[in-house]
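Structure file upload_22.cif (mmCIF, C-alpha atoms) follows.
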data_query
#
loop_
_atom_site.label_atom_id
_atom_site.label_comp_id
_atom_site.auth_asym_id
_atom_site.auth_seq_id
_atom_site.Cartn_x
_atom_site.Cartn_y
_atom_site.Cartn_z
CA MET A 840 35.55 -34.02 33.57
CA LYS A 841 36.11 -34.66 29.86
CA LYS A 842 32.84 -36.59 29.74
CA TYR A 843 31.02 -33.69 31.45
CA LEU A 844 32.44 -31.13 29.01
CA PHE A 845 31.46 -33.32 26.06
CA ILE A 846 27.87 -33.62 27.33
CA LEU A 847 27.71 -29.85 27.98
CA ALA A 848 28.96 -29.09 24.46
CA PHE A 849 26.47 -31.55 23.00
CA LEU A 850 23.57 -29.97 24.88
CA GLN A 851 24.63 -26.48 23.76
CA THR A 852 24.74 -27.68 20.14
CA ILE A 853 21.24 -29.17 20.41
CA THR A 854 19.94 -25.95 21.98
CA LEU A 855 21.44 -23.77 19.27
CA PHE A 856 20.07 -26.09 16.61
CA GLY A 857 16.64 -25.85 18.18
CA TYR A 858 16.69 -22.06 18.21
CA GLY A 859 17.80 -22.02 14.58
CA GLN A 860 14.76 -23.99 13.45
CA GLN A 861 12.05 -21.39 13.00
CA LYS A 862 8.49 -22.60 12.89
CA PRO A 863 7.02 -22.07 9.41
CA ILE A 864 4.57 -19.18 9.16
CA SER A 865 0.99 -20.31 8.61
CA TYR A 866 -0.03 -17.74 6.02
CA GLY A 867 -3.76 -17.14 6.17
CA ASN A 868 -3.94 -18.50 9.69
CA ASN A 869 -1.42 -16.39 11.56
CA PRO A 870 -2.98 -14.95 14.74
CA THR A 871 0.07 -12.77 15.46
CA VAL A 872 -0.62 -10.55 12.43
CA GLY A 873 -4.15 -11.45 11.29
CA LYS A 874 -6.79 -8.72 11.58
CA TYR A 875 -10.36 -7.98 10.55
CA TYR A 876 -11.90 -4.77 9.28
CA ASN A 877 -15.62 -4.17 8.93
CA ILE A 878 -15.80 -3.57 5.17
CA ARG A 879 -19.03 -2.94 3.28
CA GLY A 880 -21.17 -5.27 5.34
CA ILE A 881 -18.62 -8.05 5.98
CA LYS A 882 -15.66 -8.68 8.27
CA MET A 883 -12.69 -8.82 5.89
CA TYR A 884 -9.67 -10.80 7.07
CA PHE A 885 -6.14 -9.77 6.10
CA GLU A 886 -2.52 -10.16 7.15
CA VAL A 887 0.39 -7.73 6.73
CA TYR A 888 4.05 -8.67 6.33
CA GLY A 889 7.12 -6.46 5.89
CA GLU A 890 7.62 -2.74 5.46
CA GLY A 891 7.92 -0.39 2.51
CA LYS A 892 5.58 0.57 -0.30
CA PRO A 893 2.22 -1.23 -0.10
CA LEU A 894 1.65 -4.36 -2.19
CA LEU A 895 -1.83 -5.91 -2.27
CA MET A 896 -2.05 -9.62 -3.17
CA ILE A 897 -5.40 -11.05 -4.35
CA HIS A 898 -5.99 -14.82 -4.61
CA GLY A 899 -8.22 -16.78 -6.98
CA ASN A 900 -11.62 -18.50 -6.86
CA GLY A 901 -11.96 -20.85 -3.91
CA GLY A 902 -8.54 -19.80 -2.60
CA SER A 903 -7.23 -17.83 0.34
CA ILE A 904 -4.16 -15.97 1.59
CA ASP A 905 -2.32 -19.30 1.63
CA ALA A 906 -2.14 -19.14 -2.20
CA PHE A 907 0.76 -16.69 -1.85
CA LYS A 908 2.83 -18.64 0.69
CA LYS A 909 5.70 -18.93 -1.82
CA ASN A 910 5.62 -15.24 -2.74
CA ILE A 911 5.08 -13.42 0.56
CA PRO A 912 8.58 -14.15 1.99
CA TYR A 913 10.24 -12.64 -1.11
CA PHE A 914 8.13 -9.52 -1.47
CA SER A 915 7.89 -8.78 2.26
CA LYS A 916 11.64 -8.05 2.29
CA LYS A 917 11.02 -4.72 0.53
CA TYR A 918 7.24 -4.14 0.46
CA LYS A 919 4.45 -3.83 2.98
CA VAL A 920 2.61 -6.93 1.76
CA ILE A 921 -1.15 -6.91 2.36
CA VAL A 922 -2.70 -10.33 1.74
CA VAL A 923 -6.48 -10.58 1.90
CA ASP A 924 -9.15 -13.25 2.03
CA SER A 925 -11.61 -12.02 -0.61
CA ARG A 926 -15.30 -11.73 0.17
CA ALA A 927 -16.87 -15.21 0.63
CA HIS A 928 -13.40 -16.79 0.79
CA GLY A 929 -11.24 -17.99 3.67
CA LYS A 930 -12.02 -16.12 6.87
CA SER A 931 -13.91 -13.30 5.08
CA THR A 932 -17.34 -14.89 5.32
CA ASP A 933 -20.31 -13.45 3.46
CA THR A 934 -23.86 -14.77 3.82
CA LYS A 935 -25.34 -12.66 1.02
CA ASP A 936 -26.64 -14.33 -2.13
CA SER A 937 -24.94 -12.05 -4.65
CA LEU A 938 -21.27 -11.84 -5.54
CA SER A 939 -19.51 -9.90 -8.29
CA PHE A 940 -16.03 -8.79 -9.26
CA GLU A 941 -17.15 -5.16 -9.02
CA MET A 942 -18.32 -5.78 -5.45
CA MET A 943 -15.01 -7.41 -4.57
CA ALA A 944 -12.93 -4.64 -6.16
CA ASP A 945 -14.86 -2.08 -4.12
CA ASP A 946 -14.10 -4.18 -1.02
CA PHE A 947 -10.37 -3.90 -1.68
CA ASN A 948 -10.67 -0.17 -2.22
CA ALA A 949 -12.56 0.17 1.08
CA LEU A 950 -9.91 -1.89 2.87
CA LEU A 951 -7.16 0.38 1.55
CA GLU A 952 -9.17 3.39 2.68
CA ALA A 953 -9.57 1.90 6.16
CA MET A 954 -5.80 1.26 6.30
CA HIS A 955 -5.13 4.86 5.15
CA ILE A 956 -3.26 3.60 2.07
CA LYS A 957 -3.52 6.02 -0.84
CA LYS A 958 -1.82 3.89 -3.51
CA THR A 959 -0.58 0.33 -3.80
CA TYR A 960 1.05 -2.16 -6.12
CA VAL A 961 -1.18 -5.15 -6.88
CA ILE A 962 -0.57 -8.81 -7.72
CA GLY A 963 -3.63 -10.84 -8.67
CA TRP A 964 -3.89 -14.51 -9.65
CA SER A 965 -6.82 -16.02 -11.59
CA ASP A 966 -9.98 -14.42 -10.15
CA GLY A 967 -7.55 -12.21 -8.25
CA GLY A 968 -6.09 -11.19 -11.60
CA ILE A 969 -9.57 -10.16 -12.70
CA ASN A 970 -10.01 -8.28 -9.43
CA ALA A 971 -6.71 -6.46 -10.02
CA LEU A 972 -7.97 -5.27 -13.41
CA VAL A 973 -11.39 -4.26 -12.07
CA LEU A 974 -9.83 -2.43 -9.11
CA ALA A 975 -7.65 -0.45 -11.54
CA MET A 976 -10.69 0.28 -13.72
CA ARG A 977 -12.99 1.40 -10.91
CA HIS A 978 -10.39 3.04 -8.66
CA PRO A 979 -7.52 4.05 -10.96
CA ASP A 980 -5.94 6.39 -8.42
CA LYS A 981 -5.38 3.50 -6.02
CA VAL A 982 -3.11 1.35 -8.20
CA ILE A 983 0.55 2.24 -8.86
CA LYS A 984 1.26 -0.81 -11.03
CA LEU A 985 -0.39 -4.21 -11.34
CA ALA A 986 0.61 -7.74 -12.28
CA SER A 987 -2.33 -9.92 -13.34
CA THR A 988 -1.80 -13.60 -14.07
CA GLY A 989 -4.41 -16.01 -15.42
CA ALA A 990 -7.25 -13.49 -15.79
CA ASN A 991 -10.17 -13.66 -18.23
CA LEU A 992 -12.69 -11.02 -19.34
CA TRP A 993 -15.79 -13.14 -19.98
CA PRO A 994 -17.02 -16.69 -19.32
CA ASP A 995 -17.03 -18.93 -22.39
CA SER A 996 -14.87 -21.34 -24.38
CA THR A 997 -12.85 -18.52 -25.95
CA ALA A 998 -11.74 -17.08 -22.61
CA LEU A 999 -11.31 -20.44 -20.84
CA ILE A 1000 -9.88 -23.55 -22.48
CA PRO A 1001 -12.79 -25.53 -24.03
CA SER A 1002 -12.34 -28.59 -21.80
CA LEU A 1003 -12.64 -26.45 -18.64
CA TRP A 1004 -15.68 -24.61 -19.97
CA LYS A 1005 -17.32 -27.92 -20.92
CA ASP A 1006 -16.80 -29.22 -17.37
CA MET A 1007 -18.26 -26.01 -15.92
CA GLU A 1008 -21.32 -26.26 -18.18
CA LYS A 1009 -21.81 -29.88 -17.12
CA GLN A 1010 -21.58 -28.96 -13.42
CA TYR A 1011 -23.99 -26.07 -13.82
CA ASN A 1012 -26.61 -28.13 -15.66
CA GLU A 1013 -26.38 -30.97 -13.15
CA GLN A 1014 -26.62 -28.75 -10.06
CA LYS A 1015 -28.59 -25.65 -11.05
CA ASN A 1016 -31.84 -26.95 -9.52
CA LYS A 1017 -30.27 -28.47 -6.44
CA LYS A 1018 -31.32 -27.17 -3.03
CA TRP A 1019 -28.25 -26.46 -0.97
CA THR A 1020 -28.66 -26.78 2.79
CA THR A 1021 -25.39 -26.01 4.60
CA ALA A 1022 -23.66 -22.64 4.65
CA LYS A 1023 -20.58 -24.15 3.00
CA GLU A 1024 -22.61 -25.67 0.16
CA LYS A 1025 -24.35 -22.37 -0.48
CA ASN A 1026 -21.07 -20.48 -0.44
CA ASP A 1027 -19.31 -22.97 -2.72
CA TRP A 1028 -22.17 -22.68 -5.23
CA LYS A 1029 -22.06 -18.90 -5.05
CA ILE A 1030 -18.38 -18.73 -5.90
CA PHE A 1031 -18.84 -21.30 -8.68
CA LEU A 1032 -21.57 -19.13 -10.20
CA LEU A 1033 -19.22 -16.13 -10.00
CA ASP A 1034 -16.95 -17.75 -12.59
CA TYR A 1035 -19.79 -19.31 -14.59
CA PHE A 1036 -21.61 -16.04 -15.27
CA GLN A 1037 -18.80 -13.50 -14.81
CA PRO A 1038 -16.79 -11.43 -15.48
CA ASN A 1039 -18.33 -9.46 -18.33
CA ILE A 1040 -15.69 -6.89 -19.22
CA PRO A 1041 -15.79 -5.34 -22.72
CA LEU A 1042 -12.39 -4.84 -24.29
CA LYS A 1043 -12.97 -1.10 -24.53
CA ALA A 1044 -13.49 -0.92 -20.75
CA LEU A 1045 -9.82 -1.81 -20.26
CA LYS A 1046 -8.90 1.65 -21.54
CA ALA A 1047 -9.82 2.93 -18.07
CA ILE A 1048 -6.72 1.24 -16.64
CA LYS A 1049 -4.13 4.01 -16.48
CA CYS A 1050 -1.32 2.31 -14.58
CA PRO A 1051 1.47 0.18 -16.08
CA SER A 1052 0.18 -3.39 -16.16
CA LEU A 1053 2.04 -6.68 -16.53
CA ILE A 1054 -0.35 -9.20 -18.08
CA ILE A 1055 0.75 -12.79 -17.51
CA CYS A 1056 -0.30 -16.31 -18.46
CA GLY A 1057 1.33 -19.72 -18.76
CA ASP A 1058 1.93 -21.19 -22.19
CA HIS A 1059 -0.53 -23.97 -21.29
CA ASP A 1060 -2.75 -21.97 -18.95
CA LEU A 1061 -6.47 -22.47 -18.35
CA ILE A 1062 -6.78 -19.13 -20.14
CA PRO A 1063 -5.91 -19.33 -23.86
CA ILE A 1064 -2.88 -17.26 -24.83
CA GLU A 1065 -5.00 -15.50 -27.46
CA HIS A 1066 -7.35 -14.20 -24.77
CA THR A 1067 -4.46 -12.96 -22.61
CA VAL A 1068 -3.06 -11.17 -25.66
CA LEU A 1069 -6.41 -9.39 -26.10
CA ILE A 1070 -6.18 -8.10 -22.52
CA TYR A 1071 -2.63 -6.92 -23.11
CA GLN A 1072 -3.51 -5.20 -26.40
CA ASN A 1073 -6.36 -3.18 -24.90
CA ILE A 1074 -4.63 -1.74 -21.83
CA PRO A 1075 -2.75 1.47 -22.74
CA LYS A 1076 0.41 0.82 -20.67
CA ALA A 1077 0.50 -2.95 -20.74
CA TYR A 1078 3.32 -5.47 -21.00
CA LEU A 1079 2.90 -9.16 -21.84
CA TRP A 1080 4.65 -12.16 -20.30
CA VAL A 1081 3.79 -15.68 -21.47
CA VAL A 1082 5.60 -17.97 -19.03
CA PRO A 1083 7.17 -20.99 -20.78
CA ASN A 1084 6.41 -24.48 -19.47
CA SER A 1085 3.71 -23.18 -17.14
CA GLY A 1086 0.08 -23.88 -16.48
CA HIS A 1087 -2.33 -21.66 -14.56
CA GLY A 1088 -0.16 -21.45 -11.44
CA THR A 1089 2.66 -19.30 -12.82
CA LEU A 1090 3.54 -17.91 -9.40
CA ILE A 1091 3.72 -21.43 -7.91
CA GLU A 1092 5.22 -23.42 -10.78
CA HIS A 1093 7.95 -20.83 -11.43
CA THR A 1094 8.11 -19.04 -8.09
CA ASP A 1095 11.64 -17.60 -8.24
CA GLU A 1096 11.29 -16.31 -11.79
CA PHE A 1097 7.80 -14.94 -11.14
CA ASN A 1098 8.91 -13.07 -8.03
CA LYS A 1099 11.95 -11.55 -9.73
CA VAL A 1100 10.19 -10.52 -12.97
CA VAL A 1101 7.26 -8.93 -11.14
CA ASP A 1102 9.57 -7.19 -8.66
CA ASP A 1103 11.69 -5.83 -11.51
CA PHE A 1104 8.53 -4.59 -13.24
CA PHE A 1105 7.37 -2.82 -10.10
CA SER A 1106 10.83 -1.35 -9.43
CA LYS A 1107 11.44 0.18 -12.88
#

Write the structure described by the file as structure tokens, please.
Amino acid sequence: MKKYLFILAFLQTITLFGYGQQKPISYGNNPTVGKYYNIRGIKMYFEVYGEGKPLLMIHGNGGSIDAFKKNIPYFSKKYKVIVVDSRAHGKSTDTKDSLSFEMMADDFNALLEAMHIKKTYVIGWSDGGINALVLAMRHPDKVIKLASTGANLWPDSTALIPSLWKDMEKQYNEQKNKKWTTAKEKNDWKIFLLDYFQPNIPLKALKAIKCPSLIICGDHDLIPIEHTVLIYQNIPKAYLWVVPNSGHGTLIEHTDEFNKVVDDFFSK
């Protein structure tokens, strides 16, 4: 009898342990919440987590929703987090030849319209940081506050660290006459060209951003601090945060601090 009770208790412990181990969420590939909307000629993929005021998260060049896997669990506790695969990225496929930040910003605006969201907070990283700025410039009524990390305004060795720009020039010169055959090759080249030729945002254009804006970079980012300071100086209601001991991935390298500082900025 004692042996039976011991086995029963052991089995109950194993069962409880099993129930306590939740399967990790596959952000960007979560069929239980993933949806598509027909947006401006493409099917745009997005996922929504949590409830509260809307918060749009925009990833960088070559990335996807998965870029925010360390941030979604924190913010979804108090916000309705909308994470999107940008045009020509992730599951939001786009067979067109052209791609621009203005086109992508208008995509996000159209998605918000389709979701009946009048205003949202925005977090953007790298190209997503550029998209956050352009969205606030082109659709100022849509953005409550924004946090943009690792954004640049133009493509050259003053807006990107010289070693990165030199590598990009080398890649462009080696591949500019190459004939791409597969859909993936064509798409990869298209999103490379996006960063090689764009953005082209004059400093004075930043005056159109009316919302409070937290402009962020790492102290050894791919974007020179001086360039990030220019962005900060030319947005009327801007705040600057240079993250110590951080490269381009501020939200990954310093996740807890990033989440708290951005949340505090949004909340005040």

Name every residue that the PyMOL selection byres ((chain A and resi 924-941) around 10) selects in this structure, writing the answer as an NGL selection string with chains first and numbers rising. :A and (867-868 or 875-876 or 878 or 880-886 or 896-905 or 922-923 or 942-947 or 966-967 or 969-974 or 976-977 or 1022-1023 or 1025-1030 or 1032-1034 or 1036-1039)

The PyMOL selection byres ((chain A and resi 992-1008) around 6) applied to the shown file, residues as JSON, numbers by chain: {"A": [991, 1009, 1010, 1011, 1037, 1038, 1039, 1040, 1061, 1062, 1063, 1066]}

Given the PyMOL selection byres ((chain A and resi 1045) around 8) and the file above, list the residues it selects as a list of chain:residue names.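 For this structure, the PyMOL selection byres ((chain A and resi 1045) around 8) resolves to A:Leu972, A:Met976, A:Ile1040, A:Pro1041, A:Leu1042, A:Lys1043, A:Ala1044, A:Lys1046, A:Ala1047, A:Ile1048, A:Ile1070, A:Asn1073, A:Ile1074.
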
File of the preceding selection, C-alpha atoms, as a compact mmCIF listing (two decimals), in the frame of the given file:
# COMPACT_ATOMS: atom_id res chain seq x y z
CA LEU A 972 -7.97 -5.27 -13.41
CA MET A 976 -10.69 0.28 -13.72
CA ILE A 1040 -15.69 -6.89 -19.22
CA PRO A 1041 -15.79 -5.34 -22.72
CA LEU A 1042 -12.39 -4.84 -24.29
CA LYS A 1043 -12.97 -1.10 -24.53
CA ALA A 1044 -13.49 -0.92 -20.75
CA LYS A 1046 -8.90 1.65 -21.54
CA ALA A 1047 -9.82 2.93 -18.07
CA ILE A 1048 -6.72 1.24 -16.64
CA ILE A 1070 -6.18 -8.10 -22.52
CA ASN A 1073 -6.36 -3.18 -24.90
CA ILE A 1074 -4.63 -1.74 -21.83

With all atoms listed in the file as the counted atoms, please give the residues lying no more than 9 Å from stretch 906-915 of chain A, apart from itself and same-chain residues fewer than 2 positions off, as a count of residues only. 31

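Pairwise distance (atom CA of A:Asp1058, atom CA of A:Tyr1078) equals 15.8 Å.
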
For the atom pair atom CA of A:Val1082 and atom CA of A:Ile1055, what is the interatomic distance in Å to one decimal place?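 These atoms are spaced 7.3 Å apart.
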
Calculate how many Å separate atom CA of A:Pro1075 from atom CA of A:Lys1049, rounding to one decimal. 6.9 Å

Counting only C-alpha atoms, the residue among A:Ala975, A:Leu895, A:Cys1056, A:Ala990 that lies closest to A:Ile962 is A:Leu895

Atoms added to stretch 986-1001 of chain A (N, CA, C and O atoms), reported as a short mmCIF file (atom, residue, chain, number, x, y, z; two decimals), in the coordinates of the input:
data_model
loop_
_atom_site.label_atom_id
_atom_site.label_comp_id
_atom_site.auth_asym_id
_atom_site.auth_seq_id
_atom_site.Cartn_x
_atom_site.Cartn_y
_atom_site.Cartn_z
N ALA A 986 0.24 -6.51 -11.58
CA ALA A 986 0.61 -7.74 -12.28
C ALA A 986 -0.58 -8.69 -12.16
O ALA A 986 -0.99 -9.05 -11.05
N SER A 987 -1.14 -9.06 -13.31
CA SER A 987 -2.33 -9.92 -13.34
C SER A 987 -1.99 -11.19 -14.09
O SER A 987 -1.63 -11.15 -15.27
N THR A 988 -2.10 -12.32 -13.42
CA THR A 988 -1.80 -13.60 -14.07
C THR A 988 -3.03 -14.50 -14.09
O THR A 988 -3.74 -14.63 -13.09
N GLY A 989 -3.30 -15.06 -15.27
CA GLY A 989 -4.41 -16.01 -15.42
C GLY A 989 -5.78 -15.39 -15.34
O GLY A 989 -6.71 -16.03 -14.84
N ALA A 990 -5.95 -14.17 -15.83
CA ALA A 990 -7.25 -13.49 -15.79
C ALA A 990 -8.01 -13.71 -17.10
O ALA A 990 -7.40 -13.91 -18.16
N ASN A 991 -9.33 -13.65 -17.03
CA ASN A 991 -10.17 -13.66 -18.23
C ASN A 991 -11.20 -12.54 -18.13
O ASN A 991 -11.49 -12.04 -17.04
N LEU A 992 -11.76 -12.16 -19.28
CA LEU A 992 -12.69 -11.02 -19.34
C LEU A 992 -14.14 -11.43 -19.44
O LEU A 992 -15.03 -10.63 -19.18
N TRP A 993 -14.41 -12.64 -19.88
CA TRP A 993 -15.79 -13.14 -19.98
C TRP A 993 -15.78 -14.66 -19.84
O TRP A 993 -14.75 -15.30 -19.97
N PRO A 994 -16.95 -15.25 -19.57
CA PRO A 994 -17.02 -16.69 -19.32
C PRO A 994 -17.55 -17.47 -20.53
O PRO A 994 -18.75 -17.60 -20.73
N ASP A 995 -16.65 -18.02 -21.31
CA ASP A 995 -17.03 -18.93 -22.39
C ASP A 995 -15.81 -19.69 -22.85
O ASP A 995 -14.73 -19.59 -22.25
N SER A 996 -15.95 -20.47 -23.92
CA SER A 996 -14.87 -21.34 -24.38
C SER A 996 -13.80 -20.62 -25.19
O SER A 996 -12.85 -21.24 -25.65
N THR A 997 -13.93 -19.29 -25.34
CA THR A 997 -12.85 -18.52 -25.95
C THR A 997 -11.95 -17.89 -24.89
O THR A 997 -10.78 -17.60 -25.15
N ALA A 998 -12.49 -17.70 -23.70
CA ALA A 998 -11.74 -17.08 -22.61
C ALA A 998 -11.20 -18.12 -21.62
O ALA A 998 -10.28 -17.83 -20.85
N LEU A 999 -11.79 -19.30 -21.62
CA LEU A 999 -11.31 -20.44 -20.84
C LEU A 999 -11.07 -21.58 -21.83
O LEU A 999 -11.75 -21.65 -22.86
N ILE A 1000 -10.12 -22.45 -21.55
CA ILE A 1000 -9.88 -23.55 -22.48
C ILE A 1000 -11.18 -24.37 -22.60
O ILE A 1000 -11.91 -24.55 -21.63
N PRO A 1001 -11.50 -24.86 -23.80
CA PRO A 1001 -12.79 -25.53 -24.03
C PRO A 1001 -13.09 -26.67 -23.08
O PRO A 1001 -14.25 -26.84 -22.66
#
